[in-house]
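Working notes, beginning with the structure itself.
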Amino acid sequence: MPERLFLARHGQSSWNLEHRLQGQLDSRLTADGIAQARAMAEHLVTSGVTTICTSPLGRARTTAEIIADRLGADLIVVPDLAEIDHGDLAGMTWDEIDQNFPGAREERAANRYGWVFPGGESYAQARARARKALSSCGWASTGAPLLVSHEMIGRMLRAELRGLDAAAALSLRHPLGVVFEIAGGVERIL
């Protein structure tokens, strides 16, 4: 696991605007999402990042490619950086979920960390993937890498790096267009 790294969430996608759960499905970056990726690249110009590990999902990979082009960094696809699998709920809004999966929202609220998306995975399961992704990125990079991922798996990455429990991990937010630097268990926004 790298002692110091940078973590970015993909730029805004069309489904972000529609408030759809994306999970491991995909939607394209919007014009704002492309601009966010370019802005993140500018924040990282002096960071020394030479390796970018990215989720294989298009919205993250496109973001990572924009940043890698600006930095001249190597790009490595790490499957374990993919978003939490939303299974049967992927592609739906919460209103659609309420109609098609009555009670799912209440079940999730009762045990958000352990609740498994129908046909998908839970935060607890994704945390194990986050651990593997951090190890993979640590081995694949020289210096401090940039990881480009998603909000939900990003919570688990940050929890691992900061030693947070489940409740603290679930309280984390990662707005679009923001890059975190995490070193020695401490994070800051660039």
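In the structure tokens, chains take letters A, B, ... by order of appearance, with residues numbered from 1 within each chain and ligands from 1 in the order shown.
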Stretch 93-151 of chain A residues near stretch 11-22 of chain A within 10 Å, closest pair each, using only C-alpha atoms, as CSV:
residue,atom,partner,partner_atom,distance
A:Thr93,CA,A:Arg20,CA,4.4
A:Trp94,CA,A:Arg20,CA,7.5
A:Asp95,CA,A:Arg20,CA,9.7
A:Glu96,CA,A:Arg20,CA,9.4
A:Ile97,CA,A:Leu21,CA,9.7
A:Val148,CA,A:Gly11,CA,9.8
A:Ser149,CA,A:Gly11,CA,9.9
A:His150,CA,A:Gly11,CA,9.4
- Which distance in Å separates atom CA of A:Leu5 and atom CA of A:Ala183, to one decimal?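 Interatomic distance, atom CA of A:Leu5 to atom CA of A:Ala183: 6.6 Å.
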- Task: Write out as a list of chain:residue names which residues come within 8 Å of stretch 104-113 of chain A when counting only C-alpha atoms, dropping same-chain ones fewer than 2 positions away.
- Result: A:Ile97, A:Asp98, A:Phe101, A:Pro102, A:Trp115, A:Ser122, A:Tyr123, A:Ala124, A:Ala166, A:Ala167, A:Leu170
- Looking at A:Ser55, A:Gln125, A:Thr50, A:Asn100, which one is nearest to A:Ala144, with distances taken over only C-alpha atoms?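 The answer is A:Thr50, which sits nearest to A:Ala144.
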- alpha helix (DSSP H) positions in stretch 4-35 of chain A, given as a list in words: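 Taking stretch 4-35 of chain A and keeping alpha helix (DSSP H) only, one gets Ser14, Trp15, Asn16, Leu17, Glu18, Ala31, Asp32, Gly33, Ile34 and Ala35 of chain A.
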Nearby residues (only C-alpha atoms) at most 8 Å from A:Phe180, same-chain spacing under 3 positions excluded, as an mmCIF file with C-alpha atoms, in the first residue's frame:
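See out11.cif below for the written result:
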data_model
loop_
_atom_site.group_PDB
_atom_site.id
_atom_site.type_symbol
_atom_site.label_atom_id
_atom_site.label_comp_id
_atom_site.auth_asym_id
_atom_site.auth_seq_id
_atom_site.Cartn_x
_atom_site.Cartn_y
_atom_site.Cartn_z
ATOM 1 C CA PHE A 6 -3.686 11.097 -4.677
ATOM 2 C CA LEU A 7 -7.310 10.111 -5.127
ATOM 3 C CA ALA A 8 -9.706 11.573 -7.698
ATOM 4 C CA GLU A 187 -5.852 13.738 3.867
ATOM 5 C CA ARG A 188 -6.114 17.169 2.363
ATOM 6 C CA ILE A 189 -7.832 18.615 -0.673
ATOM 7 C CA LEU A 190 -5.550 19.934 -3.412
#
- Write out as a ChimeraX atom specification the residues lying within 8 Å of stretch 129-132 of chain A, counting only C-alpha atoms and excluding same-chain residues fewer than 4 positions away. /A:80-81,125,136,153,156-157,160
- Item | Given only C-alpha atoms as the counted atoms, nearest of A:Leu176, A:Leu147, A:Val186, A:Met152 to A:Ile34 | A:Leu176
- Which residue out of A:Arg61, A:Arg158, A:Arg9, A:Arg4 has the minimum interatomic distance to A:Gly48 when only C-alpha atoms are used?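 Closest to A:Gly48 of all the choices is A:Arg4.
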Find the nearest atom pair between each residue of stretch 114-136 of chain A and stretch 82-85 of chain A for residues within 7 Å, count only C-alpha atoms, give distances in Å to one decimal, sort rows by chain and ascending number, and present the table as CSV.
residue,atom,partner,partner_atom,distance
A:Gly120,CA,A:Asp85,CA,4.8
A:Glu121,CA,A:Asp85,CA,5.4
A:Ala126,CA,A:Ile84,CA,6.1
